[in-house]
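Data first, discussion second: the structure below is written as structure tokens.
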Amino acid sequence: MKKSRGSTNNIRIMAVEKKANLAERLTRLFAKDKVEVYREYSIDRVVERFESESYDVLVITSAAFRTGTIDGIELLEIIAANSPATQILFLAESGDIKTAMAALKAGTYQYAKLPLGDEELQLLIDAAIEKRPLYGTNLFLEAKKREVKFEQLVGRSKPMQEVYRQIRQAAVTDMPILLMGETGTGKDLAAQAIHEQSKRKSGPYLVVNLGALPSELVGSELFGHEKGAFTGAIERREGKFEEGQDGTVFLDEIATIDSKVQISLLRLIEQKTFHRLGGKRTIQSNARLIAASNQNLLDLVEQGRFRKDLYYRLDVFRIVMSPLRERREDIVLLIDEFLKRFNRSLKRNVVGVAPECISLLESYDWPGNVRELKNVVKRAVLVCEGPVLLPEHLPPRFRPGKPVYSKVNFEIGTPLEDVEREMIVRVLAAAQNNRKLTADLLGISRRALYNKLQKHHIK
């Protein structure tokens with residue numbers, strides 16, 4: 001194989017075939033080179049593989065085109081568009097020349113007829129590797145990185161990916177949005193993300209926490225009032241829907257408003273007009289309305305505490321924020337985000353979290369959701385005097401009666417060397433790859449740790 005240009009990394013080849021002989025041949029032909037060969041039997045799994053790894057060459061047979069539920073040509077177009085540095089080699093079986101021509105149009109680098117001899121196959125792969133561009137980003141991976149954090153929302157779990165998708169959809173419209181979810185799930189951040197992703201992002205973004213206002217002041221806060229409209233109204237005042245022209249008004253805890261305000265809000269949604277309290281002039285408003293509630297509004301409708309017509313006007317596009325206990329895989333990401341934030345604001349240098357501390361945080365049910373986690377991490381960073389958060393830095397409700405450790409399972413018969421390597425990797429990750437901290441947690445010297453890393457080929 002010719003030496004690959006500009007890189008000492010292993011060449012990665014994905015072979016998609018109905019049988020296993022192609023991948024085995026490639027593995028044999030490039031056994032002496034820095035080549036890793038991966039195999040898929042169905043095209044349905046290819047995009048998923050590219051979402052987690054990059055591949056230099058994709059070799060696909062025409063028989064494999066008929067192994068999945070998606071169209072093979074569409075697959076090639078997706079790969080060519082999202083991973084432009086990947087060279088695609090199409091191997092056509094007898095009678096599949098038309099498919100091969102379509103594959104070339106879809107972005108295939110080259111095609112060849114099967115069967116192929118070893119020498120011809122090796123030459124084709126060599127040429128693909130030699131001609132692969134030095135530029136080109138795997139956009140699948142870049143998108144995955146972006147999706148860890150969307151605006152100020154953090155999470156890689158499926159519920160959060162669905163929220164990100166719905167926010168993008170909602171942002172291109174002007175229809176009312178209803179955000180549902182328990183307290184502390186991030187409804188306010190979702191509302192701000194919709195505003196920031198919309199064409200209104202240069203306009204005002206106004207937040208009204210309706211639950212924090214006395215009921216008699218809610219109407220004035222939203223719609224404004226004229227001088228003398230009520231006792232204490234010594235001058236005219238504009239409300240949020242007047243101030244929010246060309247922008248967004250976010251109404252949190254919408255379930256708390258009384259029947260009079262509900263009527264005025266219904267008129268605003270239907271006619272885009274309102275009156276100031278004590279005023280007669282009709283005022284136009286094009287402010288976009290986003291409402292949020294931690295209560296089930298339909299239950300309140302059935303109880304007669306919320307207008308049915310207003311509910312259906314608000315519930316045009318609903319986004320549900322999942323509680324943290326239903327997306328535990330995001331807890332470590334959130335902890336990392338909060339550590340960075342509070343290290344800056346509290347002038348601390350906490351670089352990691354002990355594994356037993358992670359176990360406690362991941363096993364807790366989080367009734368206060370992300371807001372509670374944020375406050376717990378802030379307190380822990382404040383009281384921590386060292387580089388690592390430990391269980392004793394957590395509030396009393398987290399402190400176990402006996403030590404709690406991260407659970408690591410090994411099959412019976414696992415070599416001790418593999419066990420040691422896995423444990424070192426776990427502790428390195430928990431210590432944010434800080435070698436000094438890792439050595440301290442393992443109770444060994446830094447030199448001993450270095451020797452173990454060399455022994456296990458851990459970078």
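Simple scheme: letters A, B, ... for chains in structure tokens order, numbers from 1 for residues in each chain, numbers from 1 for ligands in the order shown.
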- Query: Near range 245-249 of chain A, within 8 Å and counting only C-alpha atoms, which residues show up once chain neighbours fewer than 4 positions away are dropped, as an NGL selection string?
  - Reply: :A and (195 or 200-208 or 240-241 or 285-290)
- Query: Can you tell me, as a count of residues only, what residues are no more than 7 Å from range 373-377 of chain A when counting only C-alpha atoms, ignoring any on the same chain fewer than 3 positions away?
  - Reply: 7
- Message: Between CA of Ala292 in chain A and CA of Leu178 in chain A, what distance in Å does the model show, to one decimal?
- Response: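 Rounded to one decimal, the two atoms are 5.6 Å apart.
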- Message: DSSP on the backbone, alpha helix (DSSP H) only: what residues of range 172-304 of chain A does that give? Format it as a count of residues only.
- Response: 43
- Query: So which residues of range 105-220 of chain A fall under strand (DSSP E) by DSSP, listed as a PyMOL selection string?
  - Reply: chain A and resi 110-113+149-150+153-154+177-181+205-209
How would the residues just picked look written out with N, CA, C and O atoms as a PDB file, in the first residue's frame?
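Okay, this is what ended up in result21.pdb:
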```pdb
ATOM      1  N   GLN A 110     -15.353   5.435  -7.508  1.00  0.00           N
ATOM      2  CA  GLN A 110     -15.006   4.474  -8.553  1.00  0.00           C
ATOM      3  C   GLN A 110     -15.917   3.266  -8.441  1.00  0.00           C
ATOM      4  O   GLN A 110     -16.493   3.001  -7.379  1.00  0.00           O
ATOM      5  N   TYR A 111     -16.065   2.544  -9.557  1.00  0.00           N
ATOM      6  CA  TYR A 111     -16.778   1.274  -9.483  1.00  0.00           C
ATOM      7  C   TYR A 111     -15.996   0.227 -10.238  1.00  0.00           C
ATOM      8  O   TYR A 111     -15.163   0.530 -11.100  1.00  0.00           O
ATOM      9  N   ALA A 112     -16.234  -1.036  -9.916  1.00  0.00           N
ATOM     10  CA  ALA A 112     -15.576  -2.147 -10.593  1.00  0.00           C
ATOM     11  C   ALA A 112     -16.540  -3.324 -10.629  1.00  0.00           C
ATOM     12  O   ALA A 112     -17.478  -3.412  -9.830  1.00  0.00           O
ATOM     13  N   LYS A 113     -16.299  -4.231 -11.584  1.00  0.00           N
ATOM     14  CA  LYS A 113     -17.159  -5.401 -11.723  1.00  0.00           C
ATOM     15  C   LYS A 113     -16.621  -6.548 -10.885  1.00  0.00           C
ATOM     16  O   LYS A 113     -15.413  -6.770 -10.805  1.00  0.00           O
ATOM     17  N   LYS A 149     -24.665  20.262  23.130  1.00  0.00           N
ATOM     18  CA  LYS A 149     -25.103  21.542  23.686  1.00  0.00           C
ATOM     19  C   LYS A 149     -25.816  22.323  22.604  1.00  0.00           C
ATOM     20  O   LYS A 149     -25.277  22.571  21.526  1.00  0.00           O
ATOM     21  N   PHE A 150     -27.066  22.674  22.879  1.00  0.00           N
ATOM     22  CA  PHE A 150     -27.879  23.428  21.927  1.00  0.00           C
ATOM     23  C   PHE A 150     -28.306  24.719  22.606  1.00  0.00           C
ATOM     24  O   PHE A 150     -29.072  24.698  23.565  1.00  0.00           O
ATOM     25  N   LEU A 153     -28.973  24.746  26.392  1.00  0.00           N
ATOM     26  CA  LEU A 153     -29.412  23.421  26.824  1.00  0.00           C
ATOM     27  C   LEU A 153     -28.279  22.420  26.647  1.00  0.00           C
ATOM     28  O   LEU A 153     -27.522  22.497  25.673  1.00  0.00           O
ATOM     29  N   VAL A 154     -28.143  21.482  27.583  1.00  0.00           N
ATOM     30  CA  VAL A 154     -27.064  20.496  27.543  1.00  0.00           C
ATOM     31  C   VAL A 154     -27.672  19.103  27.628  1.00  0.00           C
ATOM     32  O   VAL A 154     -28.526  18.836  28.477  1.00  0.00           O
ATOM     33  N   ILE A 177     -46.241  28.619  21.305  1.00  0.00           N
ATOM     34  CA  ILE A 177     -45.566  27.397  21.732  1.00  0.00           C
ATOM     35  C   ILE A 177     -45.916  27.146  23.194  1.00  0.00           C
ATOM     36  O   ILE A 177     -45.896  28.067  24.012  1.00  0.00           O
ATOM     37  N   LEU A 178     -46.228  25.883  23.514  1.00  0.00           N
ATOM     38  CA  LEU A 178     -46.505  25.503  24.892  1.00  0.00           C
ATOM     39  C   LEU A 178     -45.415  24.544  25.361  1.00  0.00           C
ATOM     40  O   LEU A 178     -45.244  23.461  24.800  1.00  0.00           O
ATOM     41  N   LEU A 179     -44.675  24.966  26.382  1.00  0.00           N
ATOM     42  CA  LEU A 179     -43.616  24.144  26.969  1.00  0.00           C
ATOM     43  C   LEU A 179     -44.145  23.492  28.233  1.00  0.00           C
ATOM     44  O   LEU A 179     -44.618  24.174  29.136  1.00  0.00           O
ATOM     45  N   MET A 180     -44.072  22.170  28.279  1.00  0.00           N
ATOM     46  CA  MET A 180     -44.567  21.427  29.431  1.00  0.00           C
ATOM     47  C   MET A 180     -43.403  20.680  30.090  1.00  0.00           C
ATOM     48  O   MET A 180     -42.467  20.262  29.426  1.00  0.00           O
ATOM     49  N   GLY A 181     -43.504  20.510  31.405  1.00  0.00           N
ATOM     50  CA  GLY A 181     -42.453  19.768  32.099  1.00  0.00           C
ATOM     51  C   GLY A 181     -42.405  20.151  33.568  1.00  0.00           C
ATOM     52  O   GLY A 181     -42.892  21.212  33.975  1.00  0.00           O
ATOM     53  N   TYR A 205     -36.499  39.907  23.984  1.00  0.00           N
ATOM     54  CA  TYR A 205     -36.944  38.648  24.582  1.00  0.00           C
ATOM     55  C   TYR A 205     -37.320  38.961  26.022  1.00  0.00           C
ATOM     56  O   TYR A 205     -36.464  39.273  26.854  1.00  0.00           O
ATOM     57  N   LEU A 206     -38.609  38.913  26.317  1.00  0.00           N
ATOM     58  CA  LEU A 206     -39.119  39.341  27.608  1.00  0.00           C
ATOM     59  C   LEU A 206     -39.709  38.160  28.364  1.00  0.00           C
ATOM     60  O   LEU A 206     -40.480  37.370  27.801  1.00  0.00           O
ATOM     61  N   VAL A 207     -39.341  38.058  29.630  1.00  0.00           N
ATOM     62  CA  VAL A 207     -39.776  36.936  30.469  1.00  0.00           C
ATOM     63  C   VAL A 207     -40.688  37.454  31.575  1.00  0.00           C
ATOM     64  O   VAL A 207     -40.359  38.426  32.254  1.00  0.00           O
ATOM     65  N   VAL A 208     -41.818  36.778  31.765  1.00  0.00           N
ATOM     66  CA  VAL A 208     -42.729  37.115  32.848  1.00  0.00           C
ATOM     67  C   VAL A 208     -43.004  35.844  33.642  1.00  0.00           C
ATOM     68  O   VAL A 208     -43.585  34.887  33.113  1.00  0.00           O
ATOM     69  N   ASN A 209     -42.583  35.828  34.899  1.00  0.00           N
ATOM     70  CA  ASN A 209     -42.892  34.700  35.777  1.00  0.00           C
ATOM     71  C   ASN A 209     -44.224  34.998  36.442  1.00  0.00           C
ATOM     72  O   ASN A 209     -44.292  35.693  37.457  1.00  0.00           O
TER      73      ASN A 209
END
```
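Omitting Ile331 in chain A and its sequence neighbours fewer than 2 positions away, and counting only C-alpha atoms, the residues within 10 Å are A:Val154, A:Gly155, A:Arg156, A:Ser157, A:Leu324, A:Arg325, A:Arg327, A:Arg328, A:Glu329, A:Leu333, A:Leu334, A:Ile335, A:Asp336, A:Glu337, A:Ile358, A:Leu361, A:Glu362, A:Val370, A:Leu373.
Residue nearest Ala80 in chain A within the list A:Ala92, A:Leu298, A:Val383, A:Leu58: A:Leu58 [criterion: smallest interatomic distance, only C-alpha atoms].
Residues surrounding Met14 in chain A within 7 Å are Arg12, Val16, Val37, Tyr38, Arg39, Tyr55, Val57, Leu58 and Val59 of chain A [only C-alpha atoms; sequence separation below 2 positions excluded].
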- Message: Give me the residues near Ala255 in chain A as a list in words, where near means some atom within 9 Å (using only C-alpha atoms) and where sequence neighbours in that chain fewer than 6 positions away do not count.
- Response: Leu210, Gly211, Ala292, Ser293, Asn294, Gln295, Asn296, Leu297, Leu300, Arg305 and Phe306 of chain A
- Who sits within 7 Å of Ser42 in chain A, only C-alpha atoms, same chain under 3 positions skipped, as an NGL selection string: :A and (16 or 45 or 64 or 67-68)
- Item | Among listed residues A:Phe398, A:Phe317, A:Tyr311, A:Trp366, nearest Gln169 in chain A (using only C-alpha atoms) | A:Phe317
Could you give me, as CSV, every range 264-368 of chain A residue with an atom at most 9 Å from range 158-165 of chain A, plus its closest atom pair and distance in Å to one decimal, counting only C-alpha atoms, rows ordered by chain then number?
```
residue,atom,partner,partner_atom,distance
A:Ile319,CA,A:Val163,CA,6.8
A:Val320,CA,A:Val163,CA,7.5
A:Met321,CA,A:Val163,CA,7.2
A:Ser322,CA,A:Pro159,CA,6.5
A:Glu326,CA,A:Pro159,CA,8.3
A:Arg327,CA,A:Pro159,CA,7.1
A:Asp330,CA,A:Met160,CA,8.9
```
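Distances to Arg307 in chain A were evaluated for A:Thr256, A:Ser345, A:Asn82, A:Thr414 using only C-alpha atoms, and the minimum falls at A:Thr256.
The space separating CA of Asn10 in chain A from CA of Thr86 in chain A comes to 14.0 Å.
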